[in-house]
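As stored in model_13.cif (mmCIF, C-alpha atoms):
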data_protein
#
loop_
_atom_site.label_atom_id
_atom_site.label_comp_id
_atom_site.auth_asym_id
_atom_site.auth_seq_id
_atom_site.Cartn_x
_atom_site.Cartn_y
_atom_site.Cartn_z
CA MET A 1 97.41 -5.63 -66.46
CA ALA A 2 96.83 -9.33 -65.78
CA ALA A 3 93.30 -10.42 -64.96
CA ASP A 4 92.52 -11.53 -61.43
CA PRO A 5 92.54 -15.30 -60.92
CA PRO A 6 89.10 -16.75 -61.58
CA GLN A 7 86.72 -16.87 -58.66
CA PRO A 8 85.44 -20.28 -57.57
CA ILE A 9 82.01 -21.15 -58.92
CA ASP A 10 79.28 -21.58 -56.35
CA PRO A 11 77.71 -25.04 -56.89
CA GLU A 12 74.19 -23.86 -56.15
CA SER A 13 74.48 -20.95 -58.54
CA TYR A 14 75.87 -23.25 -61.20
CA GLN A 15 73.03 -25.68 -60.63
CA GLU A 16 70.56 -22.84 -61.17
CA ARG A 17 72.13 -22.29 -64.60
CA LEU A 18 71.96 -25.98 -65.43
CA ASP A 19 68.30 -25.98 -64.46
CA ARG A 20 67.67 -23.07 -66.82
CA ILE A 21 69.51 -24.85 -69.62
CA GLY A 22 67.54 -28.02 -68.87
CA SER A 23 64.28 -26.10 -69.03
CA LEU A 24 65.28 -24.45 -72.32
CA PHE A 25 66.28 -27.77 -73.84
CA ALA A 26 63.16 -29.55 -72.59
CA SER A 27 61.02 -26.98 -74.41
CA MET A 28 63.08 -27.59 -77.52
CA ILE A 29 62.54 -31.34 -77.26
CA GLU A 30 58.81 -30.73 -76.99
CA THR A 31 58.94 -28.62 -80.16
CA ALA A 32 61.13 -31.18 -81.92
CA THR A 33 58.75 -33.99 -81.03
CA GLU A 34 55.73 -32.12 -82.38
CA LEU A 35 57.62 -30.99 -85.47
CA SER A 36 58.84 -34.50 -86.25
CA THR A 37 55.27 -35.62 -86.89
CA HIS A 38 55.17 -33.64 -90.12
CA ARG A 39 58.69 -32.44 -91.01
CA CYS A 40 61.79 -34.52 -91.39
CA PRO A 41 64.19 -33.65 -88.55
CA TYR A 42 67.17 -33.87 -90.88
CA ARG A 43 65.79 -31.04 -93.06
CA ASP A 44 67.35 -27.71 -92.18
CA ARG A 45 65.92 -24.23 -92.54
CA LEU A 46 67.27 -23.95 -96.08
CA ASP A 47 65.69 -27.32 -96.97
CA ARG A 48 69.10 -28.96 -97.15
CA CYS A 49 69.26 -32.60 -96.12
CA THR A 50 71.64 -33.23 -93.23
CA ALA A 51 71.08 -37.00 -93.04
CA GLY A 52 74.09 -39.24 -93.22
CA PHE A 53 72.11 -41.90 -95.04
CA GLY A 54 70.18 -42.21 -98.27
CA CYS A 55 66.60 -41.04 -98.64
CA ARG A 56 64.34 -41.07 -101.68
CA ASN A 57 63.44 -37.46 -100.99
CA GLN A 58 67.04 -36.29 -101.46
CA ARG A 59 67.62 -34.20 -104.58
CA TRP A 60 70.80 -32.74 -105.99
CA PRO A 61 70.77 -28.96 -106.16
CA GLU A 62 71.10 -27.32 -109.55
CA GLY A 63 74.57 -27.94 -110.91
CA LYS A 64 75.06 -30.70 -108.32
CA ASP A 65 77.16 -28.34 -106.22
CA GLY A 66 76.68 -28.31 -102.50
CA PRO A 67 74.68 -30.55 -100.19
CA LYS A 68 71.61 -32.44 -101.31
CA VAL A 69 68.28 -30.78 -100.73
CA CYS A 70 65.09 -32.29 -99.40
CA GLY A 71 62.38 -32.81 -101.99
CA GLY A 72 59.83 -34.14 -99.53
CA ASP A 73 56.48 -32.42 -99.47
CA ASP A 74 55.92 -32.87 -95.73
CA ARG A 75 52.53 -34.41 -96.45
CA LEU A 76 53.60 -38.03 -96.39
CA ASP A 77 55.42 -39.86 -93.64
CA TYR A 78 59.00 -38.98 -94.53
CA ARG A 79 60.34 -42.02 -92.69
CA SER A 80 59.06 -44.39 -95.36
CA ALA A 81 61.55 -42.75 -97.74
CA TRP A 82 64.59 -43.36 -95.56
CA GLU A 83 66.87 -46.11 -96.81
CA THR A 84 67.24 -48.85 -94.30
CA ALA A 85 69.95 -51.01 -95.75
CA MET B 1 63.73 1.15 -70.21
CA PRO B 2 66.35 -0.24 -72.61
CA GLU B 3 65.50 -0.47 -76.29
CA LEU B 4 66.85 -2.60 -79.11
CA ALA B 5 69.06 0.30 -80.14
CA ASP B 6 70.84 0.01 -76.79
CA ILE B 7 72.20 -3.40 -77.81
CA SER B 8 75.59 -2.81 -79.38
CA ASN B 9 76.00 -6.12 -81.20
CA ASP B 10 74.48 -5.98 -84.69
CA THR B 11 73.65 -9.68 -84.85
CA VAL B 12 71.89 -9.80 -81.49
CA ARG B 13 69.99 -6.60 -82.24
CA ARG B 14 68.90 -7.93 -85.64
CA GLU B 15 67.93 -11.35 -84.25
CA LEU B 16 65.79 -9.86 -81.50
CA GLY B 17 64.18 -7.40 -83.91
CA GLU B 18 63.40 -10.05 -86.50
CA PHE B 19 62.63 -13.18 -84.52
CA VAL B 20 61.59 -12.29 -80.97
CA THR B 21 58.11 -10.96 -81.49
CA ARG B 22 56.39 -11.61 -78.16
CA ALA B 23 56.46 -8.40 -76.16
CA ASP B 24 57.40 -9.98 -72.84
CA GLU B 25 60.22 -12.02 -74.35
CA ARG B 26 61.58 -9.10 -76.35
CA GLU B 27 61.51 -6.85 -73.30
CA ARG B 28 63.27 -9.41 -71.11
CA LEU B 29 65.95 -10.18 -73.67
CA THR B 30 66.45 -6.52 -74.58
CA ASP B 31 67.00 -5.73 -70.91
CA LEU B 32 69.45 -8.61 -70.63
CA PHE B 33 71.49 -7.87 -73.74
CA ALA B 34 71.51 -4.09 -73.29
CA ALA B 35 73.14 -4.62 -69.90
CA ALA B 36 75.56 -7.30 -71.14
CA ALA B 37 79.18 -6.58 -71.97
CA PRO B 38 79.82 -6.28 -75.72
CA ALA B 39 82.10 -9.33 -75.61
CA LEU B 40 79.28 -11.41 -74.15
CA GLN B 41 76.80 -10.09 -76.69
CA GLU B 42 79.22 -11.27 -79.35
CA LEU B 43 79.43 -14.63 -77.62
CA ALA B 44 75.64 -14.92 -77.59
CA ALA B 45 75.59 -14.04 -81.30
CA GLY B 46 78.02 -16.89 -81.91
CA VAL B 47 75.69 -19.32 -80.14
CA ILE B 48 72.68 -18.03 -82.11
CA GLU B 49 74.56 -18.57 -85.36
CA GLY B 50 75.87 -21.99 -84.31
CA GLU B 51 79.51 -21.00 -84.75
CA HIS B 52 81.21 -23.44 -82.40
CA GLU B 53 84.80 -22.39 -83.13
CA LEU B 54 83.97 -18.74 -82.59
CA VAL B 55 82.09 -19.52 -79.37
CA SER B 56 85.04 -21.52 -78.10
CA GLU B 57 87.42 -18.67 -78.86
CA LEU B 58 85.20 -15.96 -77.36
CA THR B 59 84.44 -17.94 -74.20
CA GLY B 60 88.13 -18.56 -73.62
CA ALA B 61 88.87 -14.89 -74.17
CA ALA B 62 86.10 -13.73 -71.84
CA LEU B 63 87.28 -15.99 -69.03
CA ALA B 64 90.91 -15.01 -69.60
CA ALA B 65 89.87 -11.37 -69.32
CA GLY B 66 88.47 -12.09 -65.88
CA THR B 67 84.76 -12.23 -66.68
CA PRO B 68 83.11 -14.40 -64.03
CA ALA B 69 82.09 -17.81 -65.34
CA LEU B 70 78.47 -17.41 -64.31
CA GLU B 71 78.27 -14.08 -66.16
CA VAL B 72 79.67 -15.78 -69.26
CA MET B 73 76.92 -18.36 -68.95
CA ASP B 74 74.13 -15.89 -68.17
CA ASP B 75 74.85 -13.14 -70.69
CA GLY B 76 76.57 -15.19 -73.37
CA LEU B 77 75.86 -18.89 -73.63
CA ILE B 78 72.42 -19.18 -72.03
CA ALA B 79 71.19 -15.85 -73.38
CA GLY B 80 72.14 -16.93 -76.89
CA MET B 81 70.46 -20.28 -76.44
CA ALA B 82 67.29 -18.56 -75.23
CA VAL B 83 67.05 -16.80 -78.59
CA VAL B 84 67.67 -20.12 -80.34
CA GLY B 85 64.78 -21.66 -78.41
CA ILE B 86 62.41 -18.90 -79.45
CA LYS B 87 63.44 -19.14 -83.10
CA PHE B 88 62.92 -22.92 -83.02
CA ARG B 89 59.54 -22.68 -81.33
CA ASP B 90 58.40 -20.13 -83.88
CA GLY B 91 59.59 -22.09 -86.91
CA ALA B 92 62.46 -19.86 -87.99
CA ILE B 93 64.99 -22.66 -87.57
CA PHE B 94 64.78 -26.43 -87.32
CA VAL B 95 66.43 -29.36 -85.57
CA PRO B 96 69.75 -29.29 -87.52
CA GLU B 97 70.25 -25.63 -86.63
CA VAL B 98 69.34 -26.26 -82.98
CA LEU B 99 71.92 -29.04 -82.79
CA ALA B 100 74.56 -26.75 -84.31
CA CYS B 101 73.76 -24.11 -81.71
CA ALA B 102 73.90 -26.69 -78.91
CA ARG B 103 77.28 -27.80 -80.24
CA ALA B 104 78.46 -24.19 -80.12
CA MET B 105 77.22 -23.82 -76.56
CA LYS B 106 79.01 -27.01 -75.60
CA ALA B 107 82.23 -25.64 -77.10
CA GLY B 108 81.90 -22.67 -74.79
CA MET B 109 80.98 -24.75 -71.76
CA ALA B 110 84.13 -26.83 -72.26
CA HIS B 111 86.17 -23.79 -71.18
CA LEU B 112 84.34 -23.78 -67.86
CA GLU B 113 85.32 -27.33 -67.00
CA PRO B 114 88.65 -26.52 -65.33
CA LEU B 115 86.98 -23.80 -63.28
CA LEU B 116 84.18 -26.13 -62.30
CA SER B 117 86.63 -28.81 -61.31
CA ALA B 118 88.68 -26.32 -59.29
CA SER B 119 85.46 -25.33 -57.53
CA GLY B 120 84.71 -28.93 -56.61
CA ILE B 121 81.99 -29.31 -59.22
CA GLU B 122 82.31 -32.49 -61.25
CA PRO B 123 80.07 -33.90 -63.96
CA LEU B 124 77.21 -36.02 -62.64
CA ALA B 125 78.76 -38.99 -64.47
CA THR B 126 80.16 -40.00 -67.83
CA VAL B 127 77.71 -41.47 -70.32
CA VAL B 128 78.73 -43.29 -73.49
CA MET B 129 76.17 -42.79 -76.25
CA GLY B 130 75.86 -44.25 -79.73
CA THR B 131 73.53 -45.49 -82.43
CA VAL B 132 73.80 -49.25 -82.82
CA LYS B 133 75.57 -51.17 -85.56
CA GLY B 134 73.91 -50.87 -88.94
CA ASP B 135 71.93 -47.77 -88.04
CA LEU B 136 72.85 -44.35 -89.40
CA HIS B 137 70.06 -42.31 -87.79
CA ASP B 138 71.40 -39.94 -85.20
CA ILE B 139 68.93 -37.14 -84.54
CA GLY B 140 67.34 -38.80 -81.52
CA LYS B 141 70.70 -39.69 -80.05
CA ASN B 142 71.97 -36.18 -80.63
CA LEU B 143 68.97 -34.65 -78.88
CA CYS B 144 69.55 -37.00 -75.93
CA ILE B 145 73.18 -35.93 -75.81
CA MET B 146 72.16 -32.28 -75.85
CA MET B 147 69.85 -32.89 -72.89
CA LEU B 148 72.38 -34.97 -70.95
CA ARG B 149 75.12 -32.37 -71.34
CA GLY B 150 72.69 -29.65 -70.37
CA ALA B 151 71.92 -31.58 -67.19
CA GLY B 152 75.58 -31.81 -66.21
CA PHE B 153 76.63 -35.19 -67.56
CA ALA B 154 79.85 -35.70 -69.49
CA VAL B 155 79.00 -37.51 -72.71
CA VAL B 156 81.20 -39.57 -75.01
CA ASP B 157 79.49 -39.60 -78.40
CA LEU B 158 80.39 -42.64 -80.51
CA GLY B 159 78.23 -41.49 -83.41
CA VAL B 160 76.35 -43.90 -85.65
CA ASP B 161 76.84 -47.52 -86.76
CA THR B 162 78.57 -48.40 -83.50
CA SER B 163 79.77 -51.94 -83.03
CA PRO B 164 79.47 -53.79 -79.71
CA ASP B 165 83.28 -53.73 -79.44
CA ALA B 166 83.35 -49.97 -79.85
CA PHE B 167 80.79 -49.57 -77.05
CA ILE B 168 82.84 -51.83 -74.80
CA GLU B 169 86.10 -50.05 -75.56
CA ALA B 170 84.57 -46.65 -74.83
CA VAL B 171 82.98 -47.74 -71.57
CA GLU B 172 86.29 -49.20 -70.42
CA GLU B 173 88.41 -46.28 -71.60
CA HIS B 174 86.23 -43.63 -69.98
CA ARG B 175 85.20 -45.77 -66.99
CA ALA B 176 81.64 -44.82 -67.83
CA PRO B 177 78.98 -46.16 -65.47
CA LEU B 178 76.24 -45.62 -68.04
CA LEU B 179 75.75 -46.54 -71.69
CA GLY B 180 72.97 -45.29 -73.93
CA MET B 181 72.07 -47.00 -77.19
CA SER B 182 69.73 -45.72 -79.86
CA ALA B 183 68.13 -47.43 -82.85
CA LEU B 184 65.57 -46.16 -85.29
CA LEU B 185 65.02 -49.28 -87.34
CA THR B 186 63.29 -52.50 -86.39
CA THR B 187 66.04 -54.22 -88.37
CA THR B 188 68.80 -52.79 -86.18
CA MET B 189 67.02 -52.99 -82.82
CA PRO B 190 68.32 -56.54 -82.22
CA ASN B 191 71.84 -55.11 -82.23
CA MET B 192 71.02 -53.56 -78.88
CA GLY B 193 70.55 -57.04 -77.49
CA LYS B 194 73.73 -58.23 -79.19
CA THR B 195 75.65 -55.37 -77.58
CA ILE B 196 74.28 -56.25 -74.17
CA GLU B 197 75.32 -59.87 -74.76
CA ALA B 198 78.79 -58.64 -75.70
CA PHE B 199 79.05 -56.85 -72.36
CA ILE B 200 78.03 -60.08 -70.61
CA ASP B 201 80.63 -62.05 -72.60
CA ALA B 202 83.29 -59.48 -71.70
CA ASP B 203 82.31 -59.85 -68.04
CA LEU B 204 81.48 -56.14 -67.90
CA ARG B 205 77.70 -56.20 -67.63
CA ASP B 206 77.74 -55.51 -63.90
CA GLU B 207 80.04 -52.55 -64.40
CA VAL B 208 77.67 -50.49 -66.50
CA LYS B 209 74.00 -49.58 -66.58
CA ILE B 210 72.51 -49.72 -70.06
CA MET B 211 69.65 -47.59 -71.30
CA VAL B 212 68.02 -47.81 -74.70
CA GLY B 213 65.73 -45.71 -76.82
CA GLY B 214 64.56 -44.93 -80.32
CA ALA B 215 61.29 -44.75 -82.20
CA PRO B 216 60.57 -48.49 -82.48
CA VAL B 217 61.90 -49.40 -79.02
CA THR B 218 59.46 -50.13 -76.21
CA GLN B 219 59.76 -50.83 -72.51
CA GLU B 220 58.83 -54.44 -73.21
CA PHE B 221 61.59 -54.79 -75.80
CA ALA B 222 64.08 -53.16 -73.44
CA ASP B 223 63.10 -55.59 -70.68
CA ASP B 224 63.29 -58.60 -73.00
CA MET B 225 66.84 -57.87 -74.07
CA GLY B 226 68.03 -57.11 -70.57
CA ALA B 227 68.49 -53.36 -70.66
CA ASP B 228 68.37 -51.51 -67.36
CA GLY B 229 66.05 -48.83 -68.65
CA TYR B 230 64.12 -47.38 -71.56
CA GLY B 231 63.64 -43.71 -72.32
CA LYS B 232 60.83 -42.68 -74.63
CA ASP B 233 62.43 -39.36 -75.51
CA ALA B 234 65.36 -37.09 -74.73
CA VAL B 235 63.75 -35.60 -71.64
CA ALA B 236 63.02 -39.06 -70.26
CA CYS B 237 66.61 -40.00 -71.06
CA VAL B 238 67.93 -37.55 -68.47
CA THR B 239 65.47 -38.66 -65.80
CA LEU B 240 66.37 -42.27 -66.50
CA ALA B 241 70.11 -41.60 -66.43
CA LYS B 242 69.82 -39.94 -63.03
CA ARG B 243 67.67 -42.75 -61.68
CA LEU B 244 69.92 -45.53 -62.94
CA LEU B 245 72.98 -43.92 -61.43
CA GLY B 246 71.27 -42.77 -58.28
CA VAL B 247 72.53 -39.24 -58.80
CA GLY B 248 70.57 -36.36 -57.40
CA ALA B 249 68.92 -33.46 -59.09
CA SER B 250 71.96 -31.28 -58.63
CA VAL B 251 75.64 -31.25 -59.47
CA GLY B 252 78.24 -31.59 -56.82
CA GLY B 253 81.69 -32.75 -56.03
#
Write out the structure in this file as structure tokens.
Amino acid sequence: MAADPPQPIDPESYQERLDRIGSLFASMIETATELSTHRCPYRDRLDRCTAGFGCRNQRWPEGKDGPKVCGGDDRLDYRSAWETA
Amino acid sequence: MPELADISNDTVRRELGEFVTRADERERLTDLFAAAAPALQELAAGVIEGEHELVSELTGAALAAGTPALEVMDDGLIAGMAVVGIKFRDGAIFVPEVLACARAMKAGMAHLEPLLSASGIEPLATVVMGTVKGDLHDIGKNLCIMMLRGAGFAVVDLGVDTSPDAFIEAVEEHRAPLLGMSALLTTTMPNMGKTIEAFIDADLRDEVKIMVGGAPVTQEFADDMGADGYGKDAVACVTLAKRLLGVGASVGG
């Protein structure tokens, strides 16, 4: 049996959802801002480096297979290691 | 009262059990997911795992099966993102994972666009975003894009190392009333000014509002180079975008 045609979306109800998304994301930005003071934002949960540029903290994983990993110790300002040219 | 065991999706059940430790949050999310259709639990799991292709496929399937769009958002996309937010706050995941999850959510939201349009709901505006020429740092820009999309803007992402010509072409092609430029380096900040000059030379400066941001950028610098606004972070970026375009707090036709 074919599904019924989609119901129109009520703008106010949709706006409520956008507000919830905005609130969720704003909290995430707050966390990201605090986190960025001591952990490189390009470093993922598995300590892989996701930056599209060179950084002195990048290390090849064993066997050189796979993405580079972050060798930063999170105690120094990671931004001084980023290559700028 | 529903329990974790009442959630049929293995991934969602495991994620809540492992990462949602605050009693009030676990209770609220358990209630939500236990009542959600299995297909929407699976959709939420896709968002949590940042699987954008899967989320796209599942959102399309849910809508095609007649699931109301708002239910898809509530029980799938937003519910999944709520778990992502908790995991990020509590240090289980970091910015790259959050951006992957936001990308997945966006892939799902894209399926809602025809329905929104048919309902008379259009994006607030189109914003062209990019990191300036010579600069390869994109985290700040990507967080701004996440916020802008979440607020109802359509965003054209030009990525990193964006030339003035590429900004101009994108603004013209998409008839975007707003351009956002990011720079992380003091050495590339002047390229913001050069891009603004390029818009003046192309006789397009009056057609587009230009906002700038990035760690070394200040309001004073933004004023000096002739930008229309400066946002200190991704939250401010949304407020600024709305102010520059004179769009209200809500979406509409």
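The gap separating CA of Val12 (chain B) from CA of Arg39 (chain A) is 27.9 Å, in Å to one decimal.
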Can you spell out as a PyMOL selection string the set of residues that the PyMOL selection byres ((chain B and resi 222) around 12) selects in the structure I just provided? chain B and resi 180-183+189-193+196+210-214+216-221+223-232
Could you tell me which residues the PyMOL selection byres ((chain B) within 9 of (chain A)) grabs in this file, written as a PyMOL selection string? chain B and resi 63-70+73-74+78+81-82+85-86+88-89+91-98+115-116+118-121+134-139+143+146-148+150-152+185+187+233-235+249-253
Restricting the calculation to only C-alpha atoms: of B:Ala35, B:Leu16, B:Val238, B:Cys144, which residue gets closest to Glu71 (chain B)?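 Between B:Ala35, B:Leu16, B:Val238, B:Cys144, the residue approaching Glu71 (chain B) most closely is B:Ala35.
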Quick one: residues within 7 Å of Asp157 (chain B), all atoms listed in the file, excluding same-chain residues fewer than 2 positions away - as a ChimeraX atom specification? /B:128-130,155,159
For the residues in that selection, give me C-alpha atoms as a PDB file, in the frame of the given file.
ATOM      1  CA  VAL B 128      78.730 -43.290 -73.490  1.00  0.00           C
ATOM      2  CA  MET B 129      76.170 -42.790 -76.250  1.00  0.00           C
ATOM      3  CA  GLY B 130      75.860 -44.250 -79.730  1.00  0.00           C
ATOM      4  CA  VAL B 155      79.000 -37.510 -72.710  1.00  0.00           C
ATOM      5  CA  GLY B 159      78.230 -41.490 -83.410  1.00  0.00           C
TER       6      GLY B 159
END
May I ask for the distance between CA of Ala34 (chain B) and CA of Gly76 (chain B), given in Å to one decimal place? 12.2 Å
Interatomic distance between CA of Pro61 (chain A) and CA of Gly140 (chain B)?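 Going from CA of Pro61 (chain A) over to CA of Gly140 (chain B), I get 26.8 Å.
Evaluating the PyMOL selection byres ((chain B and resi 33) around 9) against the shown model yields B:Leu4, B:Asp6, B:Ile7, B:Ser8, B:Asn9, B:Val12, B:Arg13, B:Arg28, B:Leu29, B:Thr30, B:Asp31, B:Leu32, B:Ala34, B:Ala35, B:Ala36, B:Ala37, B:Pro38, B:Leu40, B:Gln41, B:Asp75, B:Gly76, B:Ala79.
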Using all atoms listed in the file, which of B:Leu54, B:Glu27, B:Pro114, B:Ala44 sits nearest Met1 (chain B)?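 Once distances to Met1 (chain B) are computed over all atoms listed in the file, the minimum belongs to B:Glu27.
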Padding of 4 Å on every side, edges along x, y and z, all listed atoms of region 59-65 of chain A included: what centre and edge lengths in Å, to one decimal, does that box have, as lines of an AutoDock Vina configuration file?
center_x = 72.4
center_y = -30.8
center_z = -107.7
size_x = 17.5
size_y = 14.9
size_z = 14.3
Give me the residues within 9 Å of Val55 (chain B) as a list in words, counting only C-alpha atoms and dropping any in the same chain fewer than 2 places off.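 Final neighbour list, sorted by chain and number: Glu42, Leu43, Ala44, Ala45, Gly46, Val47, Gly50, Glu51, His52, Glu53, Glu57, Leu58, Thr59, Gly60, Leu77, Ala104, Met105, Lys106, Ala107 and Gly108 of chain B.
With all atoms listed in the file taken into account, the protein and nucleic acid residues at most 6 Å from Gly72 (chain A) (excluding it and anything under 2 positions from it in its own chain) are Asn57, Cys70 and Asp74 of chain A.
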Given the choices B:Ala154, B:Ala62, B:Val83, B:Leu179, which gets closest to Arg14 (chain B) if the distance is worked out from only C-alpha atoms?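 Under the stated criterion, the closest residue is B:Val83.
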Can you work out which one of B:Ala198, B:Val84, B:Val160, B:Val127 has the shortest atom-to-atom distance to Leu245 (chain B), counting all atoms listed in the file? B:Val127
Can you sort out region 27-45 of chain B so it carries N, CA and C atoms, written as a short mmCIF file (atom, residue, chain, number, x, y, z; two decimals), keeping the file's coordinate frame?
data_model
loop_
_atom_site.label_atom_id
_atom_site.label_comp_id
_atom_site.auth_asym_id
_atom_site.auth_seq_id
_atom_site.Cartn_x
_atom_site.Cartn_y
_atom_site.Cartn_z
N GLU B 27 61.14 -7.78 -74.37
CA GLU B 27 61.51 -6.85 -73.30
C GLU B 27 62.57 -7.47 -72.38
N ARG B 28 62.32 -8.73 -72.02
CA ARG B 28 63.27 -9.41 -71.11
C ARG B 28 64.64 -9.54 -71.75
N LEU B 29 64.66 -9.97 -73.01
CA LEU B 29 65.95 -10.18 -73.67
C LEU B 29 66.63 -8.85 -74.01
N THR B 30 65.85 -7.84 -74.32
CA THR B 30 66.45 -6.52 -74.58
C THR B 30 67.10 -6.00 -73.31
N ASP B 31 66.41 -6.15 -72.19
CA ASP B 31 67.00 -5.73 -70.91
C ASP B 31 68.31 -6.47 -70.67
N LEU B 32 68.27 -7.78 -70.91
CA LEU B 32 69.45 -8.61 -70.63
C LEU B 32 70.63 -8.20 -71.52
N PHE B 33 70.38 -8.14 -72.82
CA PHE B 33 71.49 -7.87 -73.74
C PHE B 33 71.99 -6.42 -73.64
N ALA B 34 71.09 -5.49 -73.39
CA ALA B 34 71.51 -4.09 -73.29
C ALA B 34 72.46 -3.90 -72.11
N ALA B 35 72.27 -4.73 -71.08
CA ALA B 35 73.14 -4.62 -69.90
C ALA B 35 74.39 -5.49 -70.01
N ALA B 36 74.43 -6.36 -71.02
CA ALA B 36 75.56 -7.30 -71.14
C ALA B 36 76.77 -6.63 -71.78
N ALA B 37 77.94 -7.10 -71.38
CA ALA B 37 79.18 -6.58 -71.97
C ALA B 37 79.20 -6.91 -73.46
N PRO B 38 79.77 -6.02 -74.27
CA PRO B 38 79.82 -6.28 -75.72
C PRO B 38 80.44 -7.64 -76.07
N ALA B 39 81.45 -8.04 -75.31
CA ALA B 39 82.10 -9.33 -75.61
C ALA B 39 81.13 -10.49 -75.39
N LEU B 40 80.24 -10.34 -74.42
CA LEU B 40 79.28 -11.41 -74.15
C LEU B 40 78.11 -11.37 -75.13
N GLN B 41 77.79 -10.18 -75.61
CA GLN B 41 76.80 -10.09 -76.69
C GLN B 41 77.33 -10.82 -77.93
N GLU B 42 78.61 -10.60 -78.19
CA GLU B 42 79.22 -11.27 -79.35
C GLU B 42 79.22 -12.78 -79.16
N LEU B 43 79.45 -13.19 -77.92
CA LEU B 43 79.43 -14.63 -77.62
C LEU B 43 78.02 -15.19 -77.85
N ALA B 44 77.03 -14.48 -77.38
CA ALA B 44 75.64 -14.92 -77.59
C ALA B 44 75.32 -15.00 -79.08
N ALA B 45 75.82 -14.04 -79.85
CA ALA B 45 75.59 -14.04 -81.30
C ALA B 45 76.22 -15.29 -81.92
#
